[in-house]
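Next comes upload-v8.txt, a file with compact mmCIF, C-alpha atoms and all ligand atoms.
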```txt
# COMPACT_ATOMS: atom_id res chain seq x y z
CA MET Q 1 -22.25 -2.49 -24.96
CA GLU Q 2 -25.81 -1.24 -25.32
CA ARG Q 3 -27.80 -2.13 -28.41
CA ILE Q 4 -31.34 -1.73 -29.67
CA ILE Q 5 -32.81 -4.92 -31.08
CA ILE Q 6 -35.81 -4.85 -33.38
CA ASN Q 7 -37.73 -7.70 -34.96
CA GLY Q 8 -39.36 -5.89 -37.84
CA GLY Q 9 -42.63 -6.30 -39.66
CA ARG Q 10 -45.17 -5.23 -37.04
CA ARG Q 11 -47.81 -2.61 -37.87
CA LEU Q 12 -47.73 0.12 -35.23
CA ARG Q 13 -51.02 1.06 -33.60
CA GLY Q 14 -52.03 3.21 -30.67
CA GLU Q 15 -51.17 6.51 -29.13
CA VAL Q 16 -47.87 8.26 -28.49
CA ARG Q 17 -47.21 11.42 -26.51
CA ILE Q 18 -44.50 13.70 -27.87
CA SER Q 19 -41.88 15.09 -25.44
CA GLY Q 20 -40.57 18.63 -25.12
CA ALA Q 21 -38.35 19.87 -27.95
CA LYS Q 22 -34.61 19.38 -27.46
CA ASN Q 23 -33.68 22.25 -29.74
CA ALA Q 24 -36.07 24.60 -27.94
CA ALA Q 25 -35.03 23.47 -24.46
CA LEU Q 26 -31.28 23.93 -24.99
CA PRO Q 27 -31.30 27.71 -25.73
CA ILE Q 28 -34.11 28.29 -23.23
CA LEU Q 29 -32.13 26.67 -20.41
CA THR Q 30 -29.05 28.74 -21.27
CA SER Q 31 -31.18 31.92 -21.40
CA SER Q 32 -31.63 31.54 -17.63
CA ILE Q 33 -28.03 32.84 -17.39
CA LEU Q 34 -29.43 36.26 -18.30
CA THR Q 35 -31.78 36.43 -15.30
CA GLU Q 36 -31.50 36.91 -11.53
CA GLY Q 37 -33.45 34.34 -9.48
CA TRP Q 38 -35.20 31.01 -9.96
CA ASN Q 39 -36.58 30.05 -13.40
CA THR Q 40 -39.01 27.11 -13.60
CA PHE Q 41 -39.22 25.03 -16.77
CA SER Q 42 -41.67 22.20 -17.38
CA ASN Q 43 -42.01 19.61 -20.18
CA VAL Q 44 -38.19 19.39 -20.32
CA PRO Q 45 -37.28 16.19 -22.20
CA ASN Q 46 -35.16 13.55 -20.52
CA LEU Q 47 -32.20 13.48 -22.93
CA ARG Q 48 -28.44 13.21 -22.88
CA ASP Q 49 -28.07 16.70 -24.45
CA ILE Q 50 -30.23 18.18 -21.68
CA HIS Q 51 -28.03 16.52 -19.04
CA THR Q 52 -24.98 17.96 -20.79
CA ILE Q 53 -26.36 21.52 -20.70
CA LYS Q 54 -27.32 21.10 -17.02
CA THR Q 55 -23.79 19.91 -16.22
CA LEU Q 56 -22.42 22.93 -18.06
CA LEU Q 57 -24.72 25.35 -16.21
CA LEU Q 58 -23.72 23.79 -12.86
CA ASP Q 59 -20.08 24.11 -13.87
CA LEU Q 60 -20.61 27.82 -14.55
CA GLY Q 61 -21.95 28.27 -11.01
CA ALA Q 62 -25.72 28.08 -11.54
CA GLU Q 63 -27.93 26.28 -9.01
CA ILE Q 64 -30.24 23.59 -10.34
CA GLU Q 65 -33.20 21.79 -8.74
CA ASP Q 66 -34.26 18.79 -10.72
CA GLY Q 67 -37.73 17.50 -9.93
CA LYS Q 68 -40.89 17.23 -11.97
CA ASP Q 69 -39.96 20.68 -13.22
CA LEU Q 70 -36.44 21.92 -13.82
CA ARG Q 71 -35.50 25.00 -11.77
CA ILE Q 72 -32.41 27.09 -12.54
CA ASN Q 73 -30.96 30.04 -10.68
CA ALA Q 74 -27.94 31.64 -12.31
CA SER Q 75 -27.62 34.59 -9.88
CA GLY Q 76 -24.42 33.15 -8.42
CA LEU Q 77 -22.69 32.55 -11.77
CA ASN Q 78 -18.95 32.76 -11.10
CA ASN Q 79 -17.27 30.91 -13.96
CA HIS Q 80 -17.15 31.97 -17.60
CA GLU Q 81 -15.53 28.87 -19.11
CA ALA Q 82 -17.17 26.10 -21.12
CA LEU Q 83 -14.55 23.36 -21.27
CA TYR Q 84 -13.66 21.19 -24.27
CA ALA Q 85 -14.71 18.02 -22.41
CA LEU Q 86 -18.33 19.19 -22.48
CA VAL Q 87 -18.46 21.14 -25.74
CA LYS Q 88 -17.01 18.23 -27.73
CA THR Q 89 -19.93 16.02 -26.64
CA MET Q 90 -22.51 18.61 -27.71
CA ARG Q 91 -21.99 21.47 -30.14
CA ALA Q 92 -25.02 23.33 -28.79
CA SER Q 93 -22.93 24.09 -25.67
CA VAL Q 94 -21.86 27.12 -27.68
CA LEU Q 95 -25.27 28.56 -26.71
CA VAL Q 96 -23.72 29.79 -23.45
CA LEU Q 97 -21.45 32.17 -25.36
CA GLY Q 98 -23.95 34.99 -25.96
CA PRO Q 99 -25.54 34.87 -22.49
CA LEU Q 100 -22.17 34.69 -20.64
CA LEU Q 101 -20.81 37.63 -22.57
CA ALA Q 102 -23.94 39.69 -21.89
CA LYS Q 103 -24.06 38.76 -18.20
CA LEU Q 104 -20.39 38.62 -17.13
CA GLY Q 105 -18.74 40.65 -19.89
CA LYS Q 106 -16.54 37.68 -20.74
CA ALA Q 107 -16.74 34.12 -21.97
CA ARG Q 108 -14.21 31.42 -22.75
CA VAL Q 109 -15.84 28.65 -24.74
CA SER Q 110 -14.15 25.72 -26.44
CA LEU Q 111 -14.44 25.69 -30.23
CA PRO Q 112 -16.76 22.81 -31.08
CA GLY Q 113 -14.75 21.51 -34.05
CA GLY Q 114 -16.24 19.27 -36.72
CA CYS Q 115 -18.91 16.69 -36.22
CA ALA Q 116 -20.24 13.69 -38.08
CA ILE Q 117 -22.48 15.75 -40.34
CA GLY Q 118 -19.99 18.38 -41.50
CA ALA Q 119 -17.60 21.15 -40.54
CA ARG Q 120 -20.29 23.28 -38.84
CA PRO Q 121 -18.31 26.43 -38.08
CA ILE Q 122 -19.44 29.13 -35.62
CA ASN Q 123 -17.93 32.06 -37.53
CA LEU Q 124 -21.34 33.75 -37.85
CA HIS Q 125 -21.91 33.63 -34.08
CA LEU Q 126 -18.52 35.27 -33.62
CA SER Q 127 -18.83 37.98 -36.28
CA GLY Q 128 -22.29 38.83 -34.90
CA LEU Q 129 -20.98 39.22 -31.36
CA ALA Q 130 -18.05 41.25 -32.71
CA ALA Q 131 -20.57 43.58 -34.40
CA LEU Q 132 -22.06 44.14 -30.93
CA GLY Q 133 -18.64 45.29 -29.75
CA ALA Q 134 -17.14 42.10 -28.36
CA ASN Q 135 -13.43 41.54 -28.67
CA ILE Q 136 -12.96 38.01 -29.89
CA GLU Q 137 -9.80 35.96 -30.01
CA LEU Q 138 -9.20 32.33 -30.81
CA ARG Q 139 -6.55 30.84 -28.56
CA ASN Q 140 -5.63 27.23 -27.73
CA GLY Q 141 -8.81 25.87 -29.24
CA TYR Q 142 -11.00 28.29 -27.32
CA VAL Q 143 -13.04 31.36 -28.21
CA GLU Q 144 -12.12 34.12 -25.80
CA ALA Q 145 -14.71 36.89 -25.92
CA LYS Q 146 -14.73 40.08 -23.89
CA ALA Q 147 -16.99 43.13 -23.84
CA ARG Q 148 -17.37 45.78 -21.15
CA HIS Q 149 -20.72 46.80 -22.63
CA LEU Q 150 -22.35 45.17 -25.59
CA LYS Q 151 -23.85 47.77 -27.91
CA GLY Q 152 -26.78 47.10 -30.25
CA ALA Q 153 -25.84 47.04 -33.96
CA PRO Q 154 -27.00 45.63 -37.29
CA VAL Q 155 -25.89 42.03 -37.82
CA PHE Q 156 -25.96 40.29 -41.21
CA PHE Q 157 -25.84 36.50 -41.38
CA ASP Q 158 -24.43 35.03 -44.63
CA VAL Q 159 -26.72 32.04 -44.11
CA PRO Q 160 -29.53 31.68 -41.59
CA THR Q 161 -28.04 29.97 -38.55
CA VAL Q 162 -30.34 28.65 -35.83
CA THR Q 163 -28.05 28.66 -32.80
CA GLY Q 164 -26.24 31.75 -34.18
CA THR Q 165 -29.53 33.69 -34.26
CA GLU Q 166 -30.30 32.42 -30.75
CA ASN Q 167 -26.89 33.40 -29.35
CA LEU Q 168 -27.24 36.89 -30.81
CA MET Q 169 -30.83 37.33 -29.60
CA MET Q 170 -29.75 36.47 -26.06
CA ALA Q 171 -26.70 38.75 -26.11
CA ALA Q 172 -28.64 41.65 -27.68
CA SER Q 173 -31.38 41.39 -25.03
CA LEU Q 174 -28.97 42.80 -22.42
CA ALA Q 175 -27.02 45.08 -24.82
CA GLU Q 176 -27.38 48.83 -24.91
CA GLY Q 177 -29.54 50.03 -27.81
CA ILE Q 178 -31.05 48.36 -30.84
CA THR Q 179 -29.80 45.25 -32.67
CA THR Q 180 -31.22 44.04 -35.97
CA LEU Q 181 -30.53 40.45 -37.02
CA ASN Q 182 -30.75 40.25 -40.81
CA ASN Q 183 -31.20 36.94 -42.64
CA ALA Q 184 -32.11 35.48 -39.24
CA ALA Q 185 -33.24 31.87 -38.83
CA ARG Q 186 -37.04 31.47 -38.75
CA GLU Q 187 -37.26 28.07 -37.04
CA PRO Q 188 -40.07 27.61 -34.47
CA GLU Q 189 -37.39 27.09 -31.79
CA VAL Q 190 -36.05 30.59 -32.50
CA VAL Q 191 -39.58 32.00 -32.10
CA GLU Q 192 -39.99 30.04 -28.86
CA LEU Q 193 -36.75 31.50 -27.48
CA ALA Q 194 -37.92 35.00 -28.46
CA ASN Q 195 -41.17 34.36 -26.55
CA VAL Q 196 -39.17 33.23 -23.52
CA LEU Q 197 -36.90 36.29 -23.64
CA LYS Q 198 -39.97 38.54 -23.98
CA LYS Q 199 -41.50 36.89 -20.89
CA MET Q 200 -38.23 37.72 -19.12
CA GLY Q 201 -38.73 41.37 -20.11
CA ALA Q 202 -36.80 41.67 -23.39
CA ASN Q 203 -38.04 43.83 -26.26
CA ILE Q 204 -38.03 41.71 -29.41
CA LYS Q 205 -39.91 42.09 -32.68
CA GLY Q 206 -39.92 40.20 -35.96
CA GLU Q 207 -39.15 36.68 -34.66
CA GLY Q 208 -40.25 34.15 -37.27
CA THR Q 209 -39.23 36.55 -40.06
CA GLU Q 210 -35.84 37.26 -41.64
CA ILE Q 211 -35.32 40.43 -39.64
CA ILE Q 212 -35.43 40.34 -35.86
CA THR Q 213 -35.14 43.59 -33.92
CA ILE Q 214 -34.05 43.58 -30.28
CA GLU Q 215 -33.97 46.61 -28.06
CA GLY Q 216 -31.69 45.85 -25.13
CA THR Q 217 -32.78 46.20 -21.54
CA LYS Q 218 -30.81 46.38 -18.27
CA VAL Q 219 -32.37 43.52 -16.31
CA LEU Q 220 -34.24 40.34 -17.20
CA LYS Q 221 -36.45 38.57 -14.67
CA PRO Q 222 -36.90 34.83 -14.11
CA ILE Q 223 -39.94 33.06 -15.55
CA ILE Q 224 -42.11 29.94 -15.48
CA HIS Q 225 -42.29 28.27 -18.89
CA SER Q 226 -43.36 25.00 -20.48
CA ILE Q 227 -41.18 23.76 -23.37
CA MET Q 228 -43.00 23.32 -26.69
CA PRO Q 229 -43.39 19.83 -28.24
CA ASP Q 230 -40.61 18.42 -30.42
CA ARG Q 231 -41.50 18.74 -34.11
CA ILE Q 232 -38.76 16.34 -35.23
CA GLU Q 233 -39.89 13.64 -32.80
CA THR Q 234 -43.43 14.20 -34.10
CA GLY Q 235 -42.25 13.83 -37.70
CA THR Q 236 -40.29 10.68 -36.82
CA PHE Q 237 -43.39 8.98 -35.37
CA MET Q 238 -45.38 10.00 -38.44
CA VAL Q 239 -42.81 8.23 -40.61
CA ALA Q 240 -43.00 5.24 -38.23
CA ALA Q 241 -46.72 5.01 -39.03
CA GLY Q 242 -45.95 5.27 -42.74
CA ILE Q 243 -43.15 2.73 -42.89
CA THR Q 244 -45.14 0.08 -40.96
CA ALA Q 245 -48.52 0.80 -42.64
CA GLY Q 246 -49.65 1.57 -39.10
CA ASP Q 247 -52.30 3.72 -37.47
CA ILE Q 248 -50.93 6.08 -34.82
CA ARG Q 249 -52.44 8.92 -32.85
CA VAL Q 250 -49.75 11.47 -32.03
CA ARG Q 251 -50.54 13.60 -28.97
CA ASN Q 252 -49.02 16.83 -27.62
CA CYS Q 253 -47.70 18.12 -30.92
CA ASN Q 254 -47.95 21.34 -32.89
CA LEU Q 255 -49.02 20.80 -36.49
CA ASN Q 256 -48.26 24.38 -37.54
CA HIS Q 257 -44.55 23.60 -37.18
CA LEU Q 258 -44.74 20.65 -39.56
CA ASP Q 259 -46.34 22.00 -42.75
CA SER Q 260 -43.52 20.96 -45.10
CA VAL Q 261 -43.20 17.50 -43.53
CA ILE Q 262 -46.97 16.84 -43.48
CA SER Q 263 -47.30 17.94 -47.08
CA LYS Q 264 -44.54 15.54 -48.24
CA LEU Q 265 -45.88 12.67 -46.15
CA ARG Q 266 -49.36 13.14 -47.60
CA GLU Q 267 -47.85 12.91 -51.08
CA THR Q 268 -46.41 9.52 -50.14
CA GLY Q 269 -49.95 8.32 -49.44
CA LEU Q 270 -50.18 8.74 -45.66
CA LYS Q 271 -53.59 9.81 -44.36
CA ILE Q 272 -52.98 12.57 -41.83
CA THR Q 273 -55.92 14.08 -40.00
CA GLU Q 274 -56.00 16.73 -37.34
CA GLU Q 275 -57.59 15.75 -34.03
CA SER Q 276 -58.35 17.68 -30.85
CA ASP Q 277 -54.98 17.07 -29.15
CA GLY Q 278 -52.75 16.23 -32.11
CA LEU Q 279 -53.14 14.10 -35.19
CA ARG Q 280 -53.87 10.65 -36.57
CA VAL Q 281 -51.55 9.11 -39.13
CA VAL Q 282 -52.63 6.09 -41.12
CA GLY Q 283 -50.08 4.40 -43.35
CA ASN Q 284 -50.62 2.53 -46.55
CA LYS Q 285 -48.88 -0.61 -47.87
CA LEU Q 286 -48.12 1.25 -51.07
CA ILE Q 287 -45.71 4.13 -50.38
CA ARG Q 288 -45.42 6.64 -53.21
CA THR Q 289 -42.10 8.37 -53.90
CA VAL Q 290 -41.40 12.06 -53.27
CA ASP Q 291 -38.32 14.14 -53.94
CA ILE Q 292 -36.92 16.09 -50.99
CA LYS Q 293 -34.74 19.16 -50.75
CA THR Q 294 -33.69 20.18 -47.25
CA MET Q 295 -33.83 23.92 -46.54
CA PRO Q 296 -33.92 26.28 -43.58
CA TYR Q 297 -37.41 26.68 -42.07
CA PRO Q 298 -40.10 26.81 -43.44
CA GLY Q 299 -38.45 24.43 -45.96
CA PHE Q 300 -38.11 20.70 -45.35
CA PRO Q 301 -35.95 20.20 -42.20
CA THR Q 302 -32.54 18.59 -42.53
CA ASP Q 303 -33.30 16.91 -39.18
CA MET Q 304 -36.01 14.84 -40.98
CA GLN Q 305 -33.91 13.91 -44.02
CA ALA Q 306 -32.56 10.58 -42.76
CA GLN Q 307 -36.01 9.42 -41.60
CA MET Q 308 -37.56 10.29 -44.99
CA MET Q 309 -34.78 8.35 -46.68
CA ALA Q 310 -35.74 5.22 -44.70
CA LEU Q 311 -39.31 5.66 -45.95
CA MET Q 312 -38.20 6.19 -49.55
CA ALA Q 313 -36.01 3.08 -49.30
CA VAL Q 314 -39.21 0.99 -49.33
CA ALA Q 315 -41.30 3.23 -51.62
CA SER Q 316 -42.51 2.16 -55.06
CA GLY Q 317 -40.07 3.89 -57.41
CA THR Q 318 -37.07 6.22 -57.38
CA SER Q 319 -36.69 9.45 -55.42
CA VAL Q 320 -33.99 12.09 -55.12
CA ILE Q 321 -33.06 13.55 -51.75
CA LEU Q 322 -31.00 16.72 -51.90
CA GLU Q 323 -29.26 17.88 -48.71
CA THR Q 324 -28.46 21.59 -48.90
CA VAL Q 325 -27.93 22.45 -45.20
CA PHE Q 326 -25.07 20.17 -44.12
CA GLU Q 327 -22.41 18.88 -46.49
CA ASN Q 328 -21.92 15.43 -45.05
CA ARG Q 329 -25.26 14.29 -43.78
CA PHE Q 330 -25.50 10.93 -45.54
CA MET Q 331 -23.68 8.82 -42.95
CA HIS Q 332 -26.79 6.64 -42.53
CA VAL Q 333 -26.74 5.61 -46.21
CA SER Q 334 -24.05 2.95 -45.95
CA GLU Q 335 -25.83 1.41 -42.95
CA ILE Q 336 -29.31 1.34 -44.55
CA ARG Q 337 -27.66 -0.17 -47.64
CA ARG Q 338 -26.52 -3.05 -45.46
CA MET Q 339 -30.20 -3.71 -44.86
CA GLY Q 340 -30.78 -4.09 -48.60
CA ALA Q 341 -31.62 -0.49 -49.57
CA ASP Q 342 -30.65 0.67 -53.06
CA ILE Q 343 -29.18 4.15 -52.54
CA ARG Q 344 -26.52 5.96 -54.54
CA ILE Q 345 -24.85 9.19 -53.44
CA ASP Q 346 -23.98 11.81 -56.02
CA GLY Q 347 -22.52 14.89 -54.32
CA ARG Q 348 -25.23 16.37 -52.16
CA SER Q 349 -27.94 14.13 -53.64
CA ALA Q 350 -29.02 10.64 -52.73
CA ILE Q 351 -30.84 8.65 -55.38
CA VAL Q 352 -33.05 6.14 -53.64
CA LYS Q 353 -34.58 3.24 -55.56
CA GLY Q 354 -37.29 1.71 -53.43
CA VAL Q 355 -37.02 -2.02 -52.73
CA ARG Q 356 -39.90 -4.39 -51.85
CA LYS Q 357 -38.45 -5.32 -48.48
CA LEU Q 358 -35.46 -4.43 -46.31
CA SER Q 359 -33.83 -7.21 -44.33
CA GLY Q 360 -32.69 -6.93 -40.73
CA ALA Q 361 -28.94 -6.59 -40.12
CA PRO Q 362 -26.44 -5.44 -37.50
CA VAL Q 363 -25.95 -1.69 -38.08
CA MET Q 364 -24.20 1.18 -36.36
CA ALA Q 365 -25.71 4.57 -35.45
CA THR Q 366 -23.50 7.46 -36.60
CA ASP Q 367 -25.40 10.52 -35.44
CA LEU Q 368 -28.69 11.42 -33.83
CA ARG Q 369 -31.05 11.51 -36.81
CA ALA Q 370 -29.16 8.72 -38.59
CA SER Q 371 -29.95 6.46 -35.64
CA ALA Q 372 -33.66 7.33 -35.95
CA SER Q 373 -33.58 6.31 -39.62
CA LEU Q 374 -32.02 2.94 -38.70
CA ILE Q 375 -34.75 2.30 -36.13
CA LEU Q 376 -37.39 3.13 -38.75
CA ALA Q 377 -35.73 0.86 -41.29
CA GLY Q 378 -35.55 -1.89 -38.65
CA LEU Q 379 -39.29 -1.56 -37.94
CA ALA Q 380 -40.03 -2.17 -41.63
CA ALA Q 381 -37.39 -4.85 -42.26
CA LYS Q 382 -37.88 -8.59 -42.33
CA GLY Q 383 -36.00 -10.18 -39.45
CA ARG Q 384 -33.74 -8.88 -36.72
CA THR Q 385 -31.91 -5.56 -36.72
CA GLU Q 386 -29.31 -4.78 -34.07
CA ILE Q 387 -28.30 -1.14 -33.70
CA SER Q 388 -25.11 -0.33 -31.84
CA ARG Q 389 -23.82 3.05 -30.57
CA VAL Q 390 -27.28 3.85 -29.27
CA TYR Q 391 -25.95 6.76 -27.22
CA HIS Q 392 -26.56 8.85 -30.31
CA ILE Q 393 -30.30 8.25 -30.06
CA ASP Q 394 -30.31 9.12 -26.34
CA ARG Q 395 -29.13 12.61 -27.27
CA GLY Q 396 -32.44 13.50 -28.85
CA TYR Q 397 -35.25 10.94 -28.43
CA ASP Q 398 -36.87 10.68 -25.01
CA GLY Q 399 -37.90 7.06 -24.31
CA ILE Q 400 -38.10 6.03 -27.97
CA VAL Q 401 -37.82 2.29 -27.25
CA GLU Q 402 -40.66 2.41 -24.67
CA LYS Q 403 -42.81 4.59 -26.93
CA LEU Q 404 -42.41 2.28 -29.95
CA SER Q 405 -42.92 -0.79 -27.80
CA ASN Q 406 -46.21 0.68 -26.52
CA LEU Q 407 -47.25 1.07 -30.14
CA GLY Q 408 -46.72 -2.66 -30.68
CA ALA Q 409 -43.17 -2.73 -32.07
CA ASP Q 410 -40.98 -5.69 -31.14
CA ILE Q 411 -38.10 -3.58 -29.87
CA GLN Q 412 -35.87 -3.74 -26.84
CA ARG Q 413 -32.71 -2.34 -25.44
CA VAL Q 414 -30.07 -4.75 -24.25
CA ASN Q 415 -26.85 -4.18 -22.38
CA ASP Q 416 -24.19 -6.87 -22.46
C1 LIG S 501 -29.43 23.70 -35.44
C2 LIG S 501 -30.06 22.51 -34.78
C3 LIG S 501 -29.82 21.24 -35.62
C4 LIG S 501 -30.29 21.46 -37.04
C5 LIG S 501 -29.70 22.73 -37.63
C6 LIG S 501 -30.28 23.09 -38.99
C7 LIG S 501 -29.97 23.09 -32.44
C8 LIG S 501 -29.36 22.84 -31.10
N1 LIG S 501 -29.49 22.36 -33.44
O1 LIG S 501 -28.02 23.47 -35.49
O2 LIG S 501 -30.55 20.17 -35.02
O3 LIG S 501 -29.89 20.37 -37.85
O4 LIG S 501 -29.96 23.86 -36.75
O5 LIG S 501 -31.66 23.19 -38.91
O6 LIG S 501 -30.87 23.89 -32.56
N2 LIG S 501 -23.06 27.90 -40.46
C9 LIG S 501 -21.93 28.62 -40.78
N3 LIG S 501 -21.38 29.45 -39.85
C10 LIG S 501 -21.92 29.58 -38.59
C11 LIG S 501 -23.08 28.84 -38.28
C12 LIG S 501 -23.63 28.01 -39.23
O7 LIG S 501 -21.42 28.52 -41.91
O8 LIG S 501 -21.38 30.34 -37.79
C13 LIG S 501 -23.68 26.99 -41.46
C14 LIG S 501 -23.64 25.52 -41.04
O9 LIG S 501 -22.42 24.91 -41.38
C15 LIG S 501 -24.81 24.95 -41.81
C16 LIG S 501 -25.82 26.12 -41.82
O10 LIG S 501 -25.06 27.29 -41.52
O11 LIG S 501 -24.44 24.67 -43.14
C17 LIG S 501 -26.93 26.00 -40.81
O12 LIG S 501 -26.41 25.66 -39.55
P1 LIG S 501 -27.05 26.14 -38.18
O13 LIG S 501 -28.44 26.63 -38.42
O14 LIG S 501 -26.12 27.06 -37.49
O15 LIG S 501 -27.12 24.79 -37.35
P2 LIG S 501 -27.02 24.68 -35.78
O16 LIG S 501 -27.56 25.93 -35.16
O17 LIG S 501 -25.67 24.20 -35.38
```
The structure given in the file should be rewritten as structure tokens.
Amino acid sequence: MERIIINGGRRLRGEVRISGAKNAALPILTSSILTEGWNTFSNVPNLRDIHTIKTLLLDLGAEIEDGKDLRINASGLNNHEALYALVKTMRASVLVLGPLLAKLGKARVSLPGGCAIGARPINLHLSGLAALGANIELRNGYVEAKARHLKGAPVFFDVPTVTGTENLMMAASLAEGITTLNNAAREPEVVELANVLKKMGANIKGEGTEIITIEGTKVLKPIIHSIMPDRIETGTFMVAAGITAGDIRVRNCNLNHLDSVISKLRETGLKITEESDGLRVVGNKLIRTVDIKTMPYPGFPTDMQAQMMALMAVASGTSVILETVFENRFMHVSEIRRMGADIRIDGRSAIVKGVRKLSGAPVMATDLRASASLILAGLAAKGRTEISRVYHIDRGYDGIVEKLSNLGADIQRVND
């Protein structure tokens, strides 16, 4: 069983280079389905979720060359099925639905089902594709979608959905006529996908706003593209500086994507300064409390909620963390409590009373961002923390143990 072992209490110092963004890479890699010929992607992070999407693309009949860059050619696509075995390990596999339907006129994709952080339905993906003329049936746990020709149409999302907006943008790029996506997600990863589709030859306007307009085209061409830096990894290292009263230079990051996070972290007392290739974060022994409410972008990201909770667990006072995006995203609370944190859950709120010191303990990772919060708590805690089920962290953090170790953390991965 693999575990991460941390002996806490070290101040982190030095430089860390942020990897490519998982949530940008996943839709971008599936968008290659829409093109004919070899696409070349660089700065692709080395993550379990990326391996899953590559396996899925290979399974669909795409060719892949994996070197320094990742090259994908989906010209020979001959399978339209995404099987349960893959989709159950990663919900984002549903991102092949829109492209397959647009390219092959049919798709059979396993329903993802629930996950640790909530029910997470895909009804908005399906009603959007139905608005574009797809016939959709749910049979034997699979979505079966068919469409001779997708036709542009207005789509209204009840709530802004990131992967839903991405699926619809990809499908609409090869549909006939104009699609408007209303109440669309505004996340930077959605904008990045729009930029990629535009490079491929799509006509898209309004990305980054609530209304995205796509005028379909007949053919999309392959591209060369470098994946943008991961804003959640960046935020996680900023919290690492804060929770250890460290001094970290974070390289290869985009500050514009982190306004809400930077503003909250500054309120806690962190000194954050912009530098030529990134930023410098200097932590303070005294961590002030802030209240957090997670929201769709540009609000505070739900993917940073667990990490902020670890920071608030050692802040001087009481804070309230309200999770509005996912209904069950407090799985990390019971584990951080085992390290001495004083946290009470009341519905969608967590009331966090800061304690002077956490103490190391054996804990279990429950989902991707929860595992990041346990690592952060372990860095600040007195004594030894052992984190099991580390495969969760491998889904979304490229080389986190090596990166933290280079910053001076006493952290290692063991397999016994
Ligand atoms: C994406 C991110 C994930 C992040 C989340 C919210 C990827 C691969 N994953 O997930 O890291 O935590 O955005 O920022 O980019 N909803 C519905 N019906 C739908 C779709 C969504 O009710 O058809 C609801 C969800 O249950 C949730 C909310 O909408 O309450 C937002 O979810 P969504 O933006 O779709 O999350 P994902 O795209 O799955």
Collect all residues with atoms no farther than 8 Å from ligand LIG 501 (chain S), counting only C-alpha atoms and all ligand atoms, and output them as an mmCIF file with C-alpha atoms, in the coordinates of the input.
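Produced file selection09.cif, reproduced below:
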```cif
data_model
loop_
_atom_site.group_PDB
_atom_site.id
_atom_site.type_symbol
_atom_site.label_atom_id
_atom_site.label_comp_id
_atom_site.auth_asym_id
_atom_site.auth_seq_id
_atom_site.Cartn_x
_atom_site.Cartn_y
_atom_site.Cartn_z
ATOM 1 C CA LYS Q 22 -34.610 19.380 -27.460
ATOM 2 C CA ASN Q 23 -33.680 22.250 -29.740
ATOM 3 C CA ALA Q 24 -36.070 24.600 -27.940
ATOM 4 C CA LEU Q 26 -31.280 23.930 -24.990
ATOM 5 C CA PRO Q 27 -31.300 27.710 -25.730
ATOM 6 C CA ARG Q 91 -21.990 21.470 -30.140
ATOM 7 C CA ALA Q 92 -25.020 23.330 -28.790
ATOM 8 C CA GLY Q 118 -19.990 18.380 -41.500
ATOM 9 C CA ALA Q 119 -17.600 21.150 -40.540
ATOM 10 C CA ARG Q 120 -20.290 23.280 -38.840
ATOM 11 C CA PRO Q 121 -18.310 26.430 -38.080
ATOM 12 C CA ILE Q 122 -19.440 29.130 -35.620
ATOM 13 C CA ASN Q 123 -17.930 32.060 -37.530
ATOM 14 C CA LEU Q 124 -21.340 33.750 -37.850
ATOM 15 C CA HIS Q 125 -21.910 33.630 -34.080
ATOM 16 C CA LEU Q 126 -18.520 35.270 -33.620
ATOM 17 C CA ASP Q 158 -24.430 35.030 -44.630
ATOM 18 C CA VAL Q 159 -26.720 32.040 -44.110
ATOM 19 C CA PRO Q 160 -29.530 31.680 -41.590
ATOM 20 C CA THR Q 161 -28.040 29.970 -38.550
ATOM 21 C CA VAL Q 162 -30.340 28.650 -35.830
ATOM 22 C CA THR Q 163 -28.050 28.660 -32.800
ATOM 23 C CA GLY Q 164 -26.240 31.750 -34.180
ATOM 24 C CA ALA Q 185 -33.240 31.870 -38.830
ATOM 25 C CA GLU Q 187 -37.260 28.070 -37.040
ATOM 26 C CA GLU Q 189 -37.390 27.090 -31.790
ATOM 27 C CA MET Q 295 -33.830 23.920 -46.540
ATOM 28 C CA PRO Q 296 -33.920 26.280 -43.580
ATOM 29 C CA TYR Q 297 -37.410 26.680 -42.070
ATOM 30 C CA PRO Q 301 -35.950 20.200 -42.200
ATOM 31 C CA THR Q 302 -32.540 18.590 -42.530
ATOM 32 C CA ASP Q 303 -33.300 16.910 -39.180
ATOM 33 C CA THR Q 324 -28.460 21.590 -48.900
ATOM 34 C CA VAL Q 325 -27.930 22.450 -45.200
ATOM 35 C CA PHE Q 326 -25.070 20.170 -44.120
ATOM 36 C CA GLU Q 327 -22.410 18.880 -46.490
#
```
Using all atoms listed in the file: which of Q:Gly278, Q:Arg356, Q:Glu335, Q:Arg288 has the shortest distance to Leu374 (chain Q): Q:Glu335
Proximity to Ala240 (chain Q) - best of Q:Met169, Q:Leu181, Q:Leu376, Q:Ala175, only C-alpha atoms: Q:Leu376
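The interatomic distance for the pair CA of Ala372 (chain Q) and CA of Thr273 (chain Q) works out to 23.6 Å.
Computed from the coordinates, the CA of Asp259 (chain Q) to CA of Gly299 (chain Q) distance equals 8.9 Å.
The coordinates place CA of Val314 (chain Q) at 9.1 Å from CA of Val352 (chain Q).
When only C-alpha atoms are used to compute distances to Lys199 (chain Q), the closest of the residues Q:Ser31, Q:Ile178, Q:Glu275, Q:Leu95 turns out to be Q:Ser31.
With all atoms listed in the file taken into account, the protein and nucleic acid residues at most 10 Å from Gln412 (chain Q) (excluding it and anything under 6 positions from it in its own chain) are Arg3, Ile4, Ile5, Ile6, Asn7, Glu386, Val401, Glu402, Leu404 and Ser405 of chain Q.
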